[in-house]
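K.L.:
The structure file entry_17.cif (mmCIF, C-alpha atoms) is provided below.
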```
data_target
loop_
_atom_site.label_atom_id
_atom_site.label_comp_id
_atom_site.auth_asym_id
_atom_site.auth_seq_id
_atom_site.Cartn_x
_atom_site.Cartn_y
_atom_site.Cartn_z
CA MET O 193 15.99 -11.53 -34.47
CA PRO O 194 17.24 -7.99 -33.67
CA GLN O 195 14.75 -5.76 -31.87
CA GLN O 196 13.21 -3.08 -34.05
CA GLU O 197 13.96 0.50 -33.19
CA ALA O 198 11.06 2.26 -31.47
CA PRO O 199 9.39 4.96 -33.57
CA ALA O 200 10.11 8.58 -32.80
CA VAL O 201 7.60 10.27 -30.51
CA PRO O 202 6.24 13.61 -31.79
CA VAL O 203 6.74 16.60 -29.51
CA GLU O 204 5.84 20.27 -29.69
CA ASN O 205 6.99 22.60 -32.49
CA GLY O 206 7.14 19.77 -35.02
CA ALA O 207 10.26 18.21 -33.47
CA SER O 208 10.64 14.52 -32.72
CA ALA O 209 11.87 12.96 -29.53
CA ALA O 210 14.60 10.38 -29.79
CA PRO O 211 13.32 6.78 -29.77
CA GLU O 212 13.47 5.05 -26.42
CA PRO O 213 16.67 2.96 -26.20
CA ALA O 214 16.11 -0.79 -26.25
CA GLY O 215 17.77 -1.16 -22.82
CA VAL O 216 15.38 1.34 -21.24
CA LYS O 217 12.40 -0.40 -22.81
CA SER O 218 13.57 -3.77 -21.49
CA ALA O 219 14.10 -2.34 -18.02
CA ARG O 220 10.60 -0.86 -18.02
CA ARG O 221 9.16 -4.17 -19.09
CA ALA O 222 11.08 -6.04 -16.41
CA ILE O 223 9.65 -3.71 -13.76
CA ASP O 224 6.14 -4.10 -15.17
CA LEU O 225 6.58 -7.86 -15.12
CA ILE O 226 7.68 -7.88 -11.47
CA GLU O 227 4.69 -5.71 -10.56
CA THR O 228 2.39 -8.10 -12.44
CA PHE O 229 3.63 -10.94 -10.27
CA ALA O 230 3.22 -8.79 -7.15
CA ALA O 231 -0.41 -8.06 -8.05
CA ASN O 232 -1.32 -11.74 -8.47
CA ASP O 233 -1.14 -14.39 -5.77
CA VAL O 234 -0.92 -17.36 -8.15
CA TRP O 235 1.79 -19.00 -10.24
CA LEU O 236 1.74 -17.50 -13.76
CA SER O 237 2.63 -19.11 -17.07
CA LEU O 238 4.07 -17.38 -20.12
CA SER O 239 0.56 -17.36 -21.64
CA ASP O 240 -0.86 -15.80 -18.47
CA LEU O 241 1.78 -13.08 -18.56
CA HIS O 242 1.25 -12.42 -22.25
CA ALA O 243 -2.48 -11.95 -21.59
CA ARG O 244 -1.88 -9.64 -18.62
CA THR O 245 0.92 -7.52 -20.05
CA GLY O 246 0.53 -7.71 -23.81
CA PHE O 247 4.30 -8.16 -24.15
CA PRO O 248 5.47 -10.25 -27.14
CA ARG O 249 6.17 -13.86 -26.23
CA SER O 250 9.71 -13.54 -27.57
CA SER O 251 10.38 -10.65 -25.15
CA LEU O 252 8.78 -12.52 -22.27
CA HIS O 253 11.07 -15.52 -22.78
CA GLY O 254 14.15 -13.33 -22.37
CA LEU O 255 12.75 -11.35 -19.44
CA LEU O 256 11.69 -14.44 -17.55
CA ARG O 257 15.07 -16.08 -18.05
CA THR O 258 16.92 -12.96 -16.86
CA LEU O 259 14.72 -12.46 -13.79
CA LEU O 260 14.93 -16.16 -12.95
CA GLU O 261 18.73 -16.17 -13.13
CA ALA O 262 18.87 -13.04 -10.93
CA GLY O 263 16.66 -14.59 -8.26
CA TRP O 264 13.68 -12.30 -8.79
CA LEU O 265 11.55 -15.22 -9.95
CA GLU O 266 11.10 -18.89 -9.12
CA VAL O 267 9.84 -21.53 -11.54
CA ASP O 268 7.85 -24.73 -11.11
CA THR O 269 9.52 -26.90 -13.73
CA ASN O 270 6.60 -29.34 -13.74
CA THR O 271 4.09 -26.70 -14.88
CA ALA O 272 6.40 -24.03 -16.39
CA ARG O 273 4.78 -21.43 -14.15
CA TYR O 274 6.52 -18.62 -12.30
CA ARG O 275 6.16 -16.56 -9.14
CA LEU O 276 8.20 -13.92 -7.31
CA GLY O 277 11.54 -15.08 -5.93
CA VAL O 278 13.39 -14.34 -2.73
CA ARG O 279 15.14 -11.24 -4.14
CA ALA O 280 11.82 -9.41 -3.95
CA LEU O 281 11.68 -10.04 -0.21
CA ILE O 282 15.32 -9.06 0.28
CA CYS O 283 14.85 -5.71 -1.48
CA GLY O 284 11.53 -5.05 0.26
CA THR O 285 13.11 -5.68 3.64
CA ALA O 286 16.00 -3.38 2.72
CA TYR O 287 13.49 -0.57 2.12
CA LEU O 288 12.07 -0.99 5.62
CA ASP O 289 15.52 -1.32 7.19
CA ARG O 290 16.59 1.99 5.68
CA ASP O 291 13.43 4.00 6.38
CA PRO O 292 14.18 6.26 9.36
CA VAL O 293 10.50 6.50 10.37
CA VAL O 294 9.94 2.76 10.88
CA PRO O 295 11.73 2.34 14.26
CA TYR O 296 9.79 5.28 15.73
CA ALA O 297 6.50 4.02 14.28
CA THR O 298 7.15 0.51 15.60
CA GLU O 299 7.48 1.85 19.15
CA ALA O 300 4.19 3.70 18.72
CA LEU O 301 2.47 0.54 17.43
CA GLU O 302 3.64 -1.40 20.46
CA ARG O 303 2.28 1.32 22.78
CA ILE O 304 -1.07 1.23 21.00
CA ARG O 305 -1.32 -2.55 21.16
CA GLU O 306 -0.39 -2.49 24.86
CA LYS O 307 -2.98 0.20 25.69
CA THR O 308 -5.82 -1.18 23.56
CA GLY O 309 -5.15 -4.87 23.09
CA TYR O 310 -5.93 -4.51 19.38
CA THR O 311 -3.86 -4.85 16.21
CA ALA O 312 -2.02 -1.69 15.12
CA HIS O 313 -0.71 -0.81 11.65
CA PHE O 314 1.69 1.74 10.18
CA ALA O 315 1.15 2.60 6.52
CA ARG O 316 2.13 5.09 3.81
CA ARG O 317 0.10 6.42 0.91
CA GLU O 318 1.42 5.46 -2.51
CA GLY O 319 -0.81 7.09 -5.11
CA THR O 320 -4.34 5.77 -4.65
CA ASP O 321 -3.28 2.96 -2.30
CA VAL O 322 -1.95 2.62 1.20
CA VAL O 323 1.04 0.32 1.72
CA TYR O 324 1.37 -1.45 5.06
CA LEU O 325 4.92 -1.02 6.36
CA GLU O 326 4.65 -2.45 9.86
CA THR O 327 2.08 -4.30 11.97
CA ARG O 328 1.77 -5.34 15.58
CA GLU O 329 -0.83 -8.10 15.73
CA SER O 330 -3.18 -8.49 18.68
CA ARG O 331 -2.57 -11.70 20.59
CA HIS O 332 -6.29 -12.40 20.32
CA SER O 333 -6.73 -11.42 16.69
CA THR O 334 -8.94 -13.65 14.56
CA HIS O 335 -8.83 -11.45 11.43
CA LEU O 336 -5.66 -10.99 9.39
CA VAL O 337 -6.44 -7.51 8.10
CA SER O 338 -3.06 -6.79 6.62
CA ARG O 339 0.53 -7.85 6.36
CA VAL O 340 3.68 -5.90 5.62
CA GLY O 341 3.85 -5.00 1.95
CA ARG O 342 0.13 -5.39 1.30
CA THR O 343 -1.71 -2.57 -0.45
CA LEU O 344 -5.33 -1.53 -0.13
CA PRO O 345 -7.24 1.32 -1.81
CA THR O 346 -7.32 4.57 0.13
CA HIS O 347 -11.09 5.02 -0.16
CA ALA O 348 -11.78 1.66 1.52
CA THR O 349 -9.60 2.03 4.63
CA ALA O 350 -9.45 4.26 7.67
CA LEU O 351 -5.73 4.70 6.98
CA GLY O 352 -6.46 5.88 3.46
CA LYS O 353 -9.23 8.23 4.46
CA ALA O 354 -7.04 9.76 7.15
CA LEU O 355 -4.42 10.48 4.49
CA LEU O 356 -6.92 11.65 1.87
CA ALA O 357 -8.25 14.14 4.42
CA GLU O 358 -4.84 15.82 4.25
CA LEU O 359 -5.63 16.83 0.67
CA THR O 360 -7.99 19.45 -0.70
CA HIS O 361 -11.30 18.61 -2.35
CA ASP O 362 -9.79 19.18 -5.81
CA GLU O 363 -6.66 17.18 -5.00
CA ILE O 364 -8.77 14.19 -3.95
CA ASP O 365 -10.81 14.40 -7.16
CA GLY O 366 -7.62 14.65 -9.20
CA LEU O 367 -6.16 11.61 -7.48
CA LEU O 368 -9.19 9.31 -7.53
CA THR O 369 -10.29 9.68 -11.14
CA GLY O 370 -11.46 6.12 -11.70
CA GLU O 371 -14.23 4.00 -10.26
CA LEU O 372 -14.16 3.47 -6.49
CA SER O 373 -14.26 -0.32 -6.23
CA ALA O 374 -16.06 -2.08 -3.39
CA LEU O 375 -14.11 -4.48 -1.18
CA THR O 376 -17.20 -5.24 0.90
CA PRO O 377 -20.88 -4.23 0.72
CA ASN O 378 -20.03 -1.38 3.12
CA THR O 379 -17.24 0.21 1.08
CA ILE O 380 -17.76 3.82 0.05
CA THR O 381 -18.03 3.96 -3.74
CA THR O 382 -19.07 7.56 -4.47
CA ALA O 383 -16.98 10.72 -4.43
CA GLU O 384 -19.68 12.57 -2.48
CA ALA O 385 -19.65 10.03 0.35
CA LEU O 386 -15.85 10.01 0.39
CA HIS O 387 -15.64 13.79 0.64
CA ALA O 388 -18.15 13.70 3.51
CA GLU O 389 -15.99 11.15 5.34
CA CYS O 390 -12.88 13.25 4.81
CA ALA O 391 -14.69 16.27 6.27
CA LYS O 392 -15.64 14.23 9.36
CA THR O 393 -12.05 13.05 9.66
CA ARG O 394 -10.70 16.61 9.66
CA GLU O 395 -13.27 17.65 12.27
CA ARG O 396 -12.66 14.86 14.80
CA GLY O 397 -8.93 14.34 14.17
CA TYR O 398 -9.07 10.70 13.10
CA ALA O 399 -10.69 8.55 10.41
CA ALA O 400 -13.06 5.65 11.00
CA GLU O 401 -14.65 2.84 9.04
CA ILE O 402 -16.82 -0.18 9.83
CA GLU O 403 -16.33 -3.27 7.65
CA GLU O 404 -15.41 -1.21 4.59
CA GLY O 405 -12.06 -2.87 4.00
CA SER O 406 -12.69 -6.25 5.60
CA LEU O 407 -15.85 -7.89 6.96
CA GLY O 408 -15.84 -8.36 10.71
CA VAL O 409 -13.38 -5.53 11.32
CA ARG O 410 -13.75 -1.85 12.13
CA CYS O 411 -10.80 0.55 12.13
CA VAL O 412 -9.76 4.00 13.24
CA ALA O 413 -6.67 5.83 11.97
CA ALA O 414 -4.76 9.08 12.42
CA VAL O 415 -2.10 10.81 10.37
CA ILE O 416 1.45 11.22 11.68
CA PRO O 417 1.94 14.99 11.32
CA TYR O 418 5.56 15.37 10.31
CA ARG O 419 5.03 16.15 6.61
CA ILE O 420 2.62 18.48 4.81
CA PRO O 421 0.48 16.95 3.48
CA GLY O 422 0.79 13.86 5.63
CA THR O 423 2.05 10.70 3.94
CA ASP O 424 1.99 8.25 6.85
CA ALA O 425 -0.69 7.11 9.27
CA ILE O 426 -1.32 4.62 12.06
CA SER O 427 -4.49 2.59 12.49
CA CYS O 428 -6.05 0.20 14.96
CA SER O 429 -8.18 -2.76 13.82
CA MET O 430 -10.91 -4.06 16.12
CA PRO O 431 -13.42 -6.93 15.94
CA VAL O 432 -16.73 -5.36 15.02
CA THR O 433 -18.68 -7.59 17.41
CA GLU O 434 -16.61 -6.61 20.44
CA VAL O 435 -16.36 -2.83 20.07
CA THR O 436 -18.97 -0.16 20.71
CA ASP O 437 -19.01 3.28 19.09
CA ALA O 438 -17.74 4.72 22.38
CA ASP O 439 -14.87 2.20 22.42
CA ALA O 440 -13.91 3.12 18.86
CA GLN O 441 -14.01 6.82 19.75
CA ARG O 442 -11.67 6.29 22.69
CA VAL O 443 -9.22 4.38 20.49
CA GLY O 444 -9.44 7.05 17.78
CA GLU O 445 -8.67 9.79 20.27
CA LEU O 446 -5.76 7.75 21.62
CA LEU O 447 -4.37 7.36 18.09
CA ALA O 448 -4.67 11.11 17.47
CA GLU O 449 -2.72 11.74 20.69
CA ILE O 450 0.02 9.18 19.98
CA THR O 451 0.49 10.19 16.34
CA ALA O 452 0.77 13.85 17.36
CA GLU O 453 3.55 12.90 19.80
CA LEU O 454 5.20 10.77 17.12
CA GLY O 455 5.10 13.64 14.65
CA GLN O 456 6.90 15.87 17.16
CA GLN O 457 9.49 13.14 17.74
CA LEU O 458 10.21 12.83 14.03
CA ARG O 459 10.49 16.58 13.50
CA ARG O 460 12.86 16.91 16.47
CA ALA O 461 14.98 14.13 14.95
CA GLY O 462 15.10 16.06 11.68
CA ILE O 463 13.14 13.41 9.77
CA ARG O 464 11.05 14.78 6.92
#
```
If you convert what's in this file into structure tokens, what do you get?
P.N.:
Amino acid sequence: MPQQEAPAVPVENGASAAPEPAGVKSARRAIDLIETFAANDVWLSLSDLHARTGFPRSSLHGLLRTLLEAGWLEVDTNTARYRLGVRALICGTAYLDRDPVVPYATEALERIREKTGYTAHFARREGTDVVYLETRESRHSTHLVSRVGRTLPTHATALGKALLAELTHDEIDGLLTGELSALTPNTITTAEALHAECAKTRERGYAAEIEEGSLGVRCVAAVIPYRIPGTDAISCSMPVTEVTDADAQRVGELLAEITAELGQQLRRAGIR
């Protein structure tokens, strides 16, 4: 059955925008479908995808077949369920390979791990989330806090709060318009508390949190100052039972020092 033409979208002055071409609509749906798989860690059936996306089943059949043939999806033929395919990893790795900041940040992570013995992370803010781009795991780590490509909400992480502190009060409110969800019983869930944390972050030069993103773990983080406002930050994750407030302060101050040096390195290299 031929796809119906999308209705015209009204615009100002009584004019009508041209309907969205079918190819553009299909491309948008394909992207939404890939992101649906990325947001779920289970195999998904056509019925699951229909419930999550609202796309017509006829459209889903074609999209799934196309993405499967292109390697973006894999299928379990016994259950007719799908998950992301290897092309997603290949393209994600290509992003990291081509990002000029990553090699510099990786060197900084290794310095931090060597000096502290704890796990260090490099992340970038993407809207209301932070995306982990590189990690150097402690040899004694018992908590897998993050992995490359994982996202966590900014309000629940030291990384995120360090980056939110780069914004004004109004910019933070404009960004975080929805409910602040709790990842643990300690997660900040009110705008007032978040603004207070951002103020503390600006004053001391690094962000801190205790079991807000993951139970058993406390973190400190500092922004890499090579862009205004900052988009990237580095954090250190520490077992909550093994670290005193004084220990966390020393690590936070070390991060502030190393990220400041890294920011200078990046600016000298012409990286913006």
K.L.:
Just so the selection is clear, what residues does the PyMOL selection byres ((chain O and resi 295-300) around 10) cover here, as a count of residues only?
P.N.:
33
K.L.:
Would you please work out which residue, of O:His387, O:Pro417, O:Trp264, O:Glu318, is nearest to Ile463 of chain O when using all atoms listed in the file?
P.N.:
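Using all atoms listed in the file, the shortest distance to Ile463 of chain O belongs to O:Pro417.
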K.L.:
Could you tell me which residues the PyMOL selection byres ((chain O and resi 409) around 6) returns for this structure, as an mmCIF file with C-alpha atoms, keeping the file's coordinate frame?
P.N.:
```cif
data_model
loop_
_atom_site.group_PDB
_atom_site.id
_atom_site.type_symbol
_atom_site.label_atom_id
_atom_site.label_comp_id
_atom_site.auth_asym_id
_atom_site.auth_seq_id
_atom_site.Cartn_x
_atom_site.Cartn_y
_atom_site.Cartn_z
ATOM 1 C CA GLU O 403 -16.330 -3.270 7.650
ATOM 2 C CA SER O 406 -12.690 -6.250 5.600
ATOM 3 C CA LEU O 407 -15.850 -7.890 6.960
ATOM 4 C CA GLY O 408 -15.840 -8.360 10.710
ATOM 5 C CA ARG O 410 -13.750 -1.850 12.130
ATOM 6 C CA MET O 430 -10.910 -4.060 16.120
ATOM 7 C CA PRO O 431 -13.420 -6.930 15.940
ATOM 8 C CA VAL O 432 -16.730 -5.360 15.020
#
```
K.L.:
Tell me, counting all atoms listed in the file, for each residue of segment 278-366 of chain O within 12 Å of segment 227-230 of chain O, which pair of atoms is nearest and how far apart they are in Å to one decimal, in rows ordered by chain and increasing number, as CSV.
P.N.:
```
residue,atom,partner,partner_atom,distance
O:Ala280,CA,O:Ala230,CA,9.2
O:Leu281,CA,O:Ala230,CA,11.0
O:Gly284,CA,O:Ala230,CA,11.7
O:Gly341,CA,O:Ala230,CA,9.9
O:Arg342,CA,O:Ala230,CA,9.6
O:Thr343,CA,O:Ala230,CA,10.4
```
K.L.:
Give as number ranges by chain each residue that has an atom at most 12 Å from (-7.3, 3.9, 9.4) in the file, counting all atoms listed in the file.
P.N.:
O: 311-317, 322-324, 337-338, 344-357, 390, 393, 397-405, 409-416, 424-430, 440, 443-444, 447-448
K.L.:
So the first atom is atom CA of Asp268 of chain O and the second is atom CA of Ser218 of chain O; what is the distance between them in Å, to one decimal place?
P.N.:
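Between these atoms lies a distance of 24.1 Å.
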K.L.:
Go through the shown structure with the PyMOL selection byres ((chain O and resi 265) around 6) and write out the matching residues as a PyMOL selection string.
P.N.:
chain O and resi 259-260+263-264+266+275-277
K.L.:
Distance atom CA of Arg220 of chain O-atom CA of Ala272 of chain O, one decimal place?
P.N.:
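Distance between the two atoms: 23.6 Å.
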K.L.:
With all atoms listed in the file as the atoms that count, which of O:Thr269, O:Ala286, O:Thr423, O:Val278 lies nearest to Thr320 of chain O?
P.N.:
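Checking each candidate against Thr320 of chain O, we get O:Thr423 as the closest.
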K.L.:
If you measure from atom CA of Gln441 of chain O to atom CA of Gly422 of chain O, what distance in Å do you get, rounded to one decimal?
P.N.:
21.6 Å
K.L.:
Just checking: using all atoms listed in the file, which residue out of O:Arg273, O:Asp224, O:Gly254, O:Leu372 ends up closest to Leu238 of chain O?
P.N.:
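Going through O:Arg273, O:Asp224, O:Gly254, O:Leu372 one by one, the smallest distance to Leu238 of chain O is for O:Arg273.
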